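Student: Hey, dropping entry-v5.cif in here, mmCIF, C-alpha atoms:
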data_coords
#
loop_
_atom_site.label_atom_id
_atom_site.label_comp_id
_atom_site.auth_asym_id
_atom_site.auth_seq_id
_atom_site.Cartn_x
_atom_site.Cartn_y
_atom_site.Cartn_z
CA HIS A 207 86.70 62.62 84.49
CA PRO A 208 83.45 64.54 83.75
CA HIS A 209 82.42 64.96 80.12
CA GLU A 210 79.49 66.91 78.69
CA GLN A 211 77.97 67.05 75.23
CA GLU A 212 74.80 69.04 74.72
CA ASN A 213 72.50 67.78 77.51
CA LEU A 214 74.39 64.53 78.14
CA CYS A 215 76.69 64.26 81.19
CA ARG A 216 79.11 61.34 81.51
CA LEU A 217 81.91 60.09 83.75
CA TYR A 218 85.00 58.59 82.14
CA ARG A 219 87.27 56.28 84.13
CA LEU A 220 90.91 56.17 83.11
CA ASN A 221 93.47 53.98 84.87
CA LYS A 222 95.91 51.20 84.02
CA ASP A 223 93.09 48.63 83.89
CA GLN A 224 90.10 50.53 82.60
CA ARG A 225 89.28 53.16 79.98
CA ASN A 226 85.56 53.59 79.52
CA TYR A 227 82.46 55.57 80.41
CA VAL A 228 81.01 54.38 83.71
CA PHE A 229 78.10 56.77 84.27
CA THR A 230 75.64 58.71 82.09
CA GLN A 231 73.05 61.31 83.10
CA THR A 232 70.63 62.50 80.43
CA SER A 233 68.74 65.79 80.18
CA ALA A 234 71.17 67.64 82.42
CA PHE A 235 74.28 69.79 82.58
CA TRP A 236 77.14 69.63 85.05
CA ALA A 237 76.46 72.23 87.76
CA SER A 238 80.08 71.92 88.87
CA HIS A 239 82.83 69.30 89.06
CA PRO A 240 82.41 65.98 90.94
CA VAL A 241 83.86 65.64 94.45
CA ASP A 242 85.56 62.44 95.60
CA LEU A 243 84.11 61.33 98.97
CA GLY A 244 86.15 58.13 99.20
CA GLU A 245 83.88 55.22 98.32
CA SER A 246 81.58 57.48 96.31
CA LEU A 247 81.58 60.55 94.08
CA ALA A 248 79.23 63.46 94.68
CA LEU A 249 77.84 64.57 91.31
CA PRO A 250 76.10 67.97 90.90
CA PHE A 251 73.74 68.46 87.97
CA THR A 252 71.25 71.03 86.69
CA HIS A 253 68.17 69.90 84.73
CA ASP A 254 68.21 71.23 81.19
CA LEU A 255 64.42 71.54 81.05
CA GLY A 256 63.27 70.76 84.57
CA MET A 257 61.90 73.78 86.42
CA ASN A 258 60.60 74.09 89.95
CA VAL A 259 57.19 75.53 90.75
CA ASP A 260 58.66 79.03 90.58
CA GLY A 261 60.01 78.53 87.07
CA LEU A 262 63.66 78.22 88.06
CA PRO A 263 66.02 75.57 86.71
CA THR A 264 66.70 73.04 89.44
CA SER A 265 69.98 71.49 90.48
CA PHE A 266 70.25 68.09 92.10
CA LEU A 267 72.99 65.97 93.67
CA MET A 268 73.71 62.30 93.08
CA LEU A 269 76.04 59.77 94.68
CA TYR A 270 77.98 57.38 92.45
CA ASN A 271 79.52 54.33 94.13
CA LYS A 272 82.93 53.73 92.54
CA THR A 273 82.93 50.00 93.36
CA SER A 274 79.40 48.90 92.49
CA GLY A 275 78.77 51.49 89.78
CA LEU A 276 75.36 52.24 91.28
CA SER A 277 74.04 55.79 91.54
CA THR A 278 71.35 57.30 93.77
CA GLU A 279 69.84 60.76 93.97
CA LEU A 280 70.97 62.49 97.14
CA LEU A 281 69.02 65.76 97.15
CA ASN A 282 67.08 68.17 94.94
CA LEU A 283 68.25 71.68 95.81
CA GLY A 284 65.05 73.29 94.54
CA GLY A 285 66.92 75.96 92.58
CA PRO A 286 70.05 76.53 90.50
CA MET A 287 73.36 75.72 92.19
CA VAL A 288 76.26 78.21 91.98
CA GLY A 289 79.91 77.66 92.72
CA ASN A 290 81.16 74.23 93.71
CA LEU A 291 80.46 71.48 96.21
CA VAL A 292 82.47 71.37 99.45
CA HIS A 293 83.33 68.20 101.39
CA PHE A 294 84.30 68.94 105.00
CA ARG A 295 84.18 66.62 108.04
CA ASN A 296 81.81 64.23 106.23
CA HIS A 297 79.38 67.00 105.37
CA LEU A 298 78.58 68.19 101.85
CA TYR A 299 77.81 71.87 101.22
CA ALA A 300 76.16 73.57 98.24
CA VAL A 301 75.06 77.15 97.53
CA HIS A 302 71.96 77.80 95.41
CA TYR A 303 69.40 80.47 94.52
CA ASP A 304 65.68 80.70 95.19
CA VAL A 305 62.98 82.43 93.14
CA MET A 306 63.78 85.80 94.75
CA SER A 307 67.45 85.38 93.77
CA ALA A 308 68.42 85.01 97.43
CA LEU A 309 71.37 82.73 98.15
CA HIS A 310 71.08 79.71 100.40
CA LEU A 311 73.55 77.20 101.84
CA THR A 312 72.49 73.57 102.13
CA ASP A 313 74.46 71.39 104.56
CA ILE A 314 74.09 67.62 104.07
CA ASP A 315 75.23 65.24 106.80
CA LEU A 316 76.61 62.27 104.84
CA ASN A 317 76.13 59.95 107.83
CA SER A 318 72.40 60.54 108.35
CA LEU A 319 71.71 62.19 104.96
CA ASP A 320 69.82 64.92 106.81
CA ALA A 321 69.94 68.33 105.10
CA VAL A 322 69.69 71.81 106.60
CA THR A 323 69.24 74.95 104.46
CA GLN A 324 70.03 78.48 105.65
CA THR A 325 70.06 81.90 103.98
CA LEU A 326 73.39 83.53 103.10
CA SER A 327 73.79 87.27 103.68
CA ILE A 328 75.37 88.05 100.31
CA PRO A 329 74.04 90.58 97.77
CA ARG A 330 71.78 88.89 95.26
CA ASP A 331 73.64 90.20 92.24
CA SER A 332 76.97 88.73 93.41
CA THR A 333 78.88 86.45 91.06
CA ILE A 334 79.98 83.40 93.07
CA VAL A 335 83.39 82.06 92.05
CA ALA A 336 83.77 79.30 94.64
CA ILE A 337 82.97 78.28 98.23
CA PHE A 338 85.22 76.66 100.83
CA LYS A 339 85.25 75.36 104.42
CA ALA A 340 88.16 75.56 106.85
CA PRO A 341 88.92 76.38 110.51
CA LEU A 342 89.87 79.97 109.68
CA ILE A 343 89.52 81.27 113.25
CA PRO A 344 92.03 79.71 115.70
CA GLY A 345 90.23 77.18 117.91
CA SER A 346 87.21 77.03 115.62
CA GLY A 347 85.18 73.93 116.37
CA ASP A 348 82.95 73.86 113.31
CA GLY A 349 85.04 75.59 110.68
CA GLU A 350 84.12 78.69 108.73
CA LEU A 351 82.40 79.07 105.36
CA ILE A 352 84.36 81.16 102.85
CA VAL A 353 82.51 82.48 99.80
CA GLN A 354 84.63 83.94 96.99
CA CYS A 355 82.99 86.43 94.65
CA THR A 356 84.64 88.14 91.70
CA ASN A 357 85.90 91.14 93.67
CA SER A 358 85.18 90.20 97.26
CA VAL A 359 85.51 87.43 99.84
CA TYR A 360 82.97 86.65 102.58
CA ALA A 361 83.58 84.53 105.68
CA PHE A 362 80.83 83.16 107.95
CA ASP A 363 80.78 81.27 111.24
CA ALA A 364 78.80 78.06 111.81
CA GLN A 365 75.58 80.08 112.33
CA LEU A 366 76.30 81.97 109.07
CA ASN A 367 77.02 85.21 110.87
CA LEU A 368 79.47 87.34 108.89
CA LEU A 369 82.89 87.38 110.56
CA PRO A 370 84.22 90.78 111.71
CA GLY A 371 86.34 92.41 109.00
CA PHE A 372 84.52 90.73 106.12
CA PRO A 373 83.71 91.04 103.29
CA TYR A 374 87.18 91.81 102.02
CA VAL A 375 86.80 93.86 98.83
CA HIS A 376 89.59 94.08 96.24
CA ASN A 377 90.29 95.21 92.69
CA LEU A 378 92.55 92.35 91.62
CA VAL A 379 90.17 91.33 88.83
CA VAL A 380 88.98 93.61 86.03
CA TYR A 381 86.31 91.43 84.42
CA SER A 382 83.18 90.21 86.18
CA ASP A 383 82.95 86.84 84.42
CA SER A 384 83.84 84.24 87.07
CA SER A 385 85.40 81.96 84.43
CA TYR A 386 88.38 84.31 84.46
CA VAL A 387 88.87 84.03 88.21
CA ALA A 388 90.71 81.11 89.77
CA PRO A 389 89.60 79.83 93.19
CA LEU A 390 91.51 81.20 96.15
CA THR A 391 93.90 79.08 98.21
CA MET A 392 94.71 78.82 101.92
CA ALA A 393 97.93 78.46 103.89
CA ASP A 394 99.58 79.75 107.05
CA VAL A 395 102.11 81.89 105.21
CA ASP A 396 103.46 83.77 108.25
CA GLY A 397 103.65 80.81 110.64
CA ASN A 398 101.34 82.29 113.29
CA GLY A 399 99.20 79.16 113.69
CA SER A 400 96.19 80.35 111.65
CA LEU A 401 95.19 79.98 108.01
CA ASP A 402 95.39 82.89 105.59
CA LEU A 403 93.46 83.46 102.36
CA LEU A 404 95.50 83.88 99.15
CA ILE A 405 93.77 85.62 96.25
CA GLY A 406 95.34 85.80 92.80
CA GLY A 407 94.83 88.71 90.41
CA GLU A 408 95.84 89.70 86.89
CA HIS A 409 99.22 91.05 87.88
CA GLY A 410 99.41 90.67 91.65
CA LEU A 411 98.03 88.87 94.67
CA ALA A 412 96.64 89.56 98.13
CA VAL A 413 97.11 87.67 101.41
CA ILE A 414 94.28 88.11 103.93
CA ASP A 415 94.29 87.09 107.61
CA TYR A 416 91.35 85.71 109.59
CA SER A 417 90.23 89.22 110.57
CA GLY A 418 89.76 90.19 106.92
CA LYS A 419 92.84 92.43 106.88
CA LEU A 420 95.43 92.68 104.12
CA MET A 421 98.78 91.17 105.16
CA SER A 422 100.69 91.62 101.90
CA PRO A 423 101.84 95.05 100.64
CA GLU A 424 99.22 97.00 98.70
CA SER A 425 101.77 97.58 95.94
CA LEU A 426 102.60 93.88 95.53
CA SER A 427 102.59 93.27 91.78
CA ALA A 428 104.22 91.24 89.06
CA GLY A 429 104.13 94.26 86.74
CA PHE A 430 101.57 95.70 84.38
CA GLY A 431 99.40 94.36 81.60
CA SER A 432 95.81 93.17 81.56
CA ASP A 433 94.29 90.11 79.94
CA GLY A 434 91.25 89.55 82.17
CA ILE A 435 92.63 86.36 83.74
CA ALA A 436 93.31 85.79 87.43
CA SER A 437 95.10 82.55 88.34
CA GLY A 438 95.53 80.85 91.70
CA VAL A 439 98.41 81.18 94.18
CA LEU A 440 100.64 78.35 95.40
CA ALA A 441 102.12 78.66 98.91
CA CYS A 442 105.07 76.34 99.47
CA ASP A 443 108.63 76.30 100.80
CA LEU A 444 110.29 76.18 97.39
CA ASP A 445 113.90 76.70 98.49
CA GLY A 446 114.15 74.78 101.77
CA ASP A 447 114.58 77.84 104.02
CA GLY A 448 111.67 76.82 106.25
CA LYS A 449 109.48 79.71 105.06
CA ALA A 450 106.72 79.82 102.49
CA GLU A 451 107.17 81.34 99.05
CA LEU A 452 104.19 82.47 96.96
CA ALA A 453 104.00 81.50 93.27
CA GLY A 454 101.44 82.42 90.64
CA ASN A 455 100.81 82.91 86.91
CA PHE A 456 100.08 86.47 85.83
CA ALA A 457 99.42 88.69 82.82
CA LEU A 458 101.87 88.66 79.89
CA ASN A 459 102.44 84.93 80.48
CA ARG A 460 104.60 85.51 83.54
CA LEU A 461 105.34 83.08 86.36
CA SER A 462 106.28 85.04 89.49
CA VAL A 463 107.56 83.91 92.88
CA TRP A 464 107.77 86.05 96.02
CA GLU A 465 109.83 85.32 99.12
CA HIS A 466 108.15 85.11 102.55
CA ASP A 467 108.85 88.84 103.03
CA TYR A 468 107.06 89.66 99.75
CA ARG A 469 110.24 90.47 97.83
CA MET A 470 110.41 89.05 94.32
CA LYS A 471 112.55 85.91 94.33
CA ARG A 472 115.77 86.12 92.39
CA GLY A 473 115.36 84.90 88.80
CA PHE A 474 111.65 85.82 88.62
CA PRO A 475 109.41 86.63 86.93
CA VAL A 476 109.93 84.33 83.95
CA ALA A 477 107.81 84.52 80.80
CA PHE A 478 106.42 81.66 78.68
CA ALA A 479 104.91 81.48 75.21
CA GLN A 480 101.36 80.79 76.44
CA ARG A 481 99.12 82.10 79.25
CA SER A 482 98.12 79.90 82.17
CA ARG A 483 94.93 80.53 84.13
CA THR A 484 95.65 77.88 86.79
CA MET A 485 97.95 77.85 89.81
CA PRO A 486 101.48 76.47 89.28
CA PHE A 487 102.49 73.11 90.72
CA THR A 488 105.70 71.28 91.62
CA ALA A 489 106.87 67.87 90.41
CA LYS A 490 110.06 65.85 89.91
CA ALA A 491 110.95 65.10 86.27
CA ALA A 492 112.70 62.11 84.71
CA ASP A 493 116.05 63.91 85.09
CA ASP A 494 115.58 63.68 88.89
CA LYS A 495 115.24 67.46 89.15
CA TRP A 496 112.35 69.38 90.69
CA TYR A 497 110.47 71.89 88.55
CA LEU A 498 107.78 74.52 89.00
CA TYR A 499 105.24 73.87 86.24
CA SER A 500 102.65 76.09 84.53
CA ALA A 501 99.88 74.53 82.40
CA ALA A 502 98.68 76.65 79.47
CA ASP A 503 95.16 76.67 78.05
CA ASN A 504 96.26 74.76 74.93
CA GLY A 505 97.65 71.88 77.02
CA THR A 506 101.29 72.93 76.84
CA LEU A 507 103.36 72.51 80.02
CA PHE A 508 106.09 75.01 80.80
CA ARG A 509 108.57 74.52 83.61
CA THR A 510 111.25 76.30 85.61
CA VAL A 511 113.95 74.31 87.40
CA MET A 512 114.17 74.56 91.20
CA ASP A 513 117.38 74.44 93.22
CA THR A 514 115.97 72.08 95.87
CA SER A 515 112.95 69.86 96.42
CA PRO A 516 109.88 71.70 97.75
CA LEU A 517 108.80 71.20 101.36
CA TYR A 518 105.09 70.84 102.09
CA SER A 519 103.76 70.95 105.65
CA ALA A 520 100.52 71.27 107.59
CA SER A 521 100.91 75.04 107.24
CA CYS A 522 101.23 74.87 103.43
CA HIS A 523 99.30 71.92 102.08
CA TRP A 524 96.89 73.35 99.51
CA LEU A 525 98.27 71.40 96.57
CA CYS A 526 96.03 72.36 93.66
CA GLU A 527 92.80 74.14 92.80
CA TYR A 528 90.06 73.28 95.31
CA ALA A 529 92.71 72.08 97.80
CA ASP A 530 93.39 68.51 96.64
CA LEU A 531 92.85 65.97 93.89
CA GLN A 532 89.53 65.03 95.51
CA ARG A 533 88.49 68.67 94.88
CA SER A 534 87.10 68.89 98.41
CA ALA A 535 87.51 72.71 98.55
CA SER A 536 88.39 72.36 102.22
CA ILE A 537 91.34 72.00 104.54
CA ASP A 538 91.26 70.83 108.14
CA PRO A 539 94.64 70.98 109.89
CA GLN A 540 94.29 69.88 113.51
CA ILE A 541 97.20 71.90 114.85
CA LEU A 542 99.28 74.49 113.03
CA PRO A 543 102.68 75.37 114.53
CA ASN A 544 102.90 78.94 115.84
CA GLN A 545 106.38 80.45 115.69
CA TYR A 546 105.18 83.39 117.81
CA GLN A 547 103.76 81.36 120.71
CA SER A 548 104.34 83.38 123.89
CA SER A 549 103.25 83.58 127.52
CA SER A 550 103.64 87.37 127.45
CA LEU A 551 100.72 89.52 126.41
CA PHE A 552 102.82 91.27 123.78
CA VAL A 553 104.84 88.84 121.65
CA PRO A 554 108.57 89.68 122.01
CA ASP A 555 110.05 91.69 119.11
CA GLN A 556 106.61 92.09 117.54
CA VAL A 557 105.73 95.56 118.82
CA TYR A 558 107.37 98.32 116.76
CA ILE A 559 106.73 101.35 114.55
CA TYR A 560 108.06 101.60 111.01
CA PRO A 561 109.60 103.26 109.14
CA ASN A 562 111.75 104.61 111.97
CA PRO A 563 112.82 107.29 111.35
CA LEU A 564 110.13 108.52 108.98
CA LYS A 565 111.99 110.54 106.32
CA SER A 566 110.65 113.00 103.78
CA ILE A 567 111.53 110.67 100.89
CA TYR A 568 109.17 107.97 102.26
CA LEU A 569 105.43 107.69 101.89
CA GLN A 570 104.19 109.77 104.81
CA LYS A 571 102.70 106.88 106.72
CA LEU A 572 103.64 105.38 110.11
CA ILE A 573 102.55 101.82 110.87
CA LEU A 574 102.38 100.18 114.28
CA ASN A 575 103.02 96.45 114.24
CA ILE A 576 101.48 95.03 117.41
CA MET A 577 101.03 91.31 118.01
CA PRO A 578 99.38 90.16 121.26
CA SER A 579 99.13 86.54 122.40
CA ARG A 580 95.38 86.94 122.92
CA ASP A 581 92.63 89.29 121.76
CA THR A 582 92.95 92.47 123.82
CA GLU A 583 91.97 96.13 123.91
CA VAL A 584 95.03 98.31 123.27
CA GLU A 585 95.42 102.01 123.92
CA LEU A 586 98.01 103.87 121.84
CA SER A 587 99.19 107.27 123.08
CA ILE A 588 101.83 109.34 121.27
CA PHE A 589 103.68 112.16 123.02
CA ASP A 590 106.14 114.70 121.67
CA ILE A 591 109.53 115.20 123.31
CA SER A 592 108.11 117.78 125.71
CA GLY A 593 105.42 115.39 126.92
CA GLY A 594 102.52 116.85 124.99
CA LEU A 595 99.86 114.38 123.85
CA VAL A 596 99.51 114.38 120.04
CA TYR A 597 97.46 111.22 119.46
CA ARG A 598 95.41 108.71 121.46
CA LYS A 599 93.12 105.91 120.40
CA THR A 600 91.89 102.54 121.65
CA ALA A 601 91.39 99.53 119.38
CA LEU A 602 91.00 95.76 119.52
CA ALA A 603 94.15 93.81 118.64
CA LYS A 604 93.61 90.23 117.48
CA ALA A 605 95.73 87.35 118.76
CA TYR A 606 98.91 86.54 116.81
CA LEU A 607 98.11 88.99 114.02
CA LYS A 608 100.23 92.03 113.16
CA ASN A 609 97.18 94.33 113.42
CA LEU A 610 98.80 96.81 111.05
CA ASP A 611 95.76 99.01 110.39
CA ILE A 612 93.94 99.26 113.70
CA PHE A 613 95.61 102.64 114.31
CA GLU A 614 95.94 105.52 111.84
CA ILE A 615 98.89 107.52 113.15
CA PRO A 616 98.63 111.10 111.76
CA ALA A 617 102.11 111.10 110.24
CA ARG A 618 101.50 114.12 107.99
CA LYS A 619 100.59 116.26 111.01
CA LEU A 620 103.74 115.39 112.94
CA SER A 621 106.61 117.87 112.67
CA SER A 622 110.26 116.84 112.71
CA GLY A 623 111.37 115.54 116.10
CA VAL A 624 111.42 112.62 118.50
CA TYR A 625 108.21 111.03 119.80
CA ILE A 626 107.29 108.44 122.41
CA ALA A 627 104.54 105.87 121.73
CA VAL A 628 103.00 104.24 124.79
CA ILE A 629 101.05 101.04 124.17
CA LYS A 630 98.85 99.97 127.08
CA SER A 631 96.74 96.89 127.62
CA PRO A 632 95.41 95.44 130.89
CA GLY A 633 98.44 94.10 132.76
CA GLU A 634 101.19 95.20 130.36
CA SER A 635 102.55 98.25 128.55
CA LYS A 636 105.27 99.08 126.02
CA ARG A 637 107.17 102.28 125.16
CA ILE A 638 108.59 102.95 121.70
CA LYS A 639 110.75 105.88 120.67
CA PHE A 640 110.54 106.96 117.04
CA ALA A 641 111.61 109.96 114.98
CA VAL A 642 110.22 112.06 112.15
CA GLU A 643 112.56 113.84 109.73
CA LYS A 644 110.88 116.21 107.27
#
Translate this structure into structure tokens?
Tutor:
Amino acid sequence: HPHEQENLCRLYRLNKDQRNYVFTQTSAFWASHPVDLGESLALPFTHDLGMNVDGLPTSFLMLYNKTSGLSTELLNLGGPMVGNLVHFRNHLYAVHYDVMSALHLTDIDLNSLDAVTQTLSIPRDSTIVAIFKAPLIPGSGDGELIVQCTNSVYAFDAQLNLLPGFPYVHNLVVYSDSSYVAPLTMADVDGNGSLDLLIGGEHGLAVIDYSGKLMSPESLSAGFGSDGIASGVLACDLDGDGKAELAGNFALNRLSVWEHDYRMKRGFPVAFAQRSRTMPFTAKAADDKWYLYSAADNGTLFRTVMDTSPLYSASCHWLCEYADLQRSASIDPQILPNQYQSSSLFVPDQVYIYPNPLKSIYLQKLILNIMPSRDTEVELSIFDISGGLVYRKTALAKAYLKNLDIFEIPARKLSSGVYIAVIKSPGESKRIKFAVEK
């Protein structure tokens, strides 16, 4: 466990056989938390007085061998580190500034100890909350870099090119101080074989797919109230129905749980006496019952009983902040099951328009859900009952995503009546009848 007092950094070992300090670093501050690499710990520090030639405080990384107790300096980053370390496929990643306040990513190969530094295309005044690595894009060989800022999320490929659709910008957090913002989590919440990003806010959350699009409803919220704290989101099958629920701690000390269809789970939200700024977790108590726990800032644990034991899988295996107890900030599932797997271009039952019919009491918005089995250009044409063309547009639909916002159907301009939507892509087409009632 890392301790810090003034400019003294120490590691404390606590187990059934040992309770003592095992490592001390003077004249430094913790730049972030340690990361467990297996045989060793990666320790990030920032010199309290040490400056580089440009007058910047410098961060450096050390390796501490848990067996021998020996420590060695791994790398001097040459500038102040921001965010956390990431351990992914035996590489260590760190983000740091230079004298011009530009952000850089350093990639250290832990086999050869070679290091490569590249520039990150992120605004210089951004507040970095955390960084992560994961195969976000299906079939990704190298994994993607995800950078979480206070009100935005960036995703980069192996060459640090920004992925299409990113950055995703949100207003889930009011304050700009990153200490109020919990790190995001990842899970395949819709079972389509690809990881999604889960971002917690003060009174709601957002689920983002690999194209940077919002999957969850814009109005998803646990209520009102603002305390400047955004906690993490747990994705887990909490009731044994084979589908992921989403749980988080929100303003006014509330623990909320949503079903897989984003409806609030029965019996939630529940309120506790103290606020938690961390993601909830599950555990079995001495009474042999499973509980959903929330840890408050003052060390108090609150719990809510669960009807069944939780089910974790490859799709939902982000157990705590920074992914795991090793705090690797990465996840690397080899194969995620895809419930929509299809040999057809358009996944069966996943091409439809809603609401159908569109009534005057609804928000005047028509949404086309279109899920192809591969990336494809799609042409949408809408005709009135007499055959007149009222709308046509072509867009790229991404594989096994719902692609809810690639078309903006002009619902407010449509008069009452029946319409035909024709969806065309090379080799296949679909026809949908829908109605408007105003």
Student: Near A:Asn271, within 7 Å and counting only C-alpha atoms, which residues show up once chain neighbours fewer than 2 positions away are dropped, as a list in words?
Tutor: Glu245, Ser246, Leu247, Leu269, Thr273, Ser274, Gly275, Leu276 and Ser277 of chain A
Student: Starting from the displayed file, determine the output of the PyMOL selection byres ((chain A and resi 446) around 12) and express the residue list as a PyMOL selection string.
Tutor: chain A and resi 442-445+447-451+465-466+512-519
Student: What's the 10 Å shell around A:Thr391, counting only C-alpha atoms, without same-chain residues fewer than 3 positions away, as a PyMOL selection string?
Tutor: chain A and resi 338+388+401-406+413+438-441+485+522-529+535-537
Student: Set out as a tab-separated table a contact list for stretch 396-455 of chain A and stretch 351-374 of chain A with a cut-off of 9 Å, giving each residue of stretch 396-455 of chain A that qualifies its closest atom pair and distance in Å to one decimal, counting all atoms listed in the file, ordered by chain and rising residue number.
Tutor:
residue	atom	partner	partner_atom	distance
A:Ile414	CA	A:Tyr374	CA	8.2
A:Tyr416	CA	A:Gly371	CA	8.4
A:Ser417	CA	A:Gly371	CA	5.3
A:Gly418	CA	A:Gly371	CA	4.6
A:Lys419	CA	A:Gly371	CA	6.8
A:Leu420	CA	A:Tyr374	CA	8.6
Student: Counting only C-alpha atoms, what is within 12 Å of stretch 228-230 of chain A, bar same-chain residues fewer than 6 positions away, as a PyMOL selection string?
Tutor: chain A and resi 207-211+213-220+236+247+249+251+268-278
Student: Calculate how many Å separate atom CA of A:Gly285 from atom CA of A:Leu262, rounding to one decimal.
Tutor: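 Result for atom CA of A:Gly285 versus atom CA of A:Leu262: 6.0 Å, one decimal.
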Student: Evaluate the PyMOL selection byres ((chain A and resi 422) around 9) here and jot the selected residues down as a ChimeraX atom specification.
Tutor: /A:411-414,420-421,423-426,467-468
Student: Find the distance between atom CA of A:Lys608 and atom CA of A:Lys339 and write it in Å to one decimal.
Tutor: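 According to the coordinates, atom CA of A:Lys608 and atom CA of A:Lys339 are separated by 24.1 Å.
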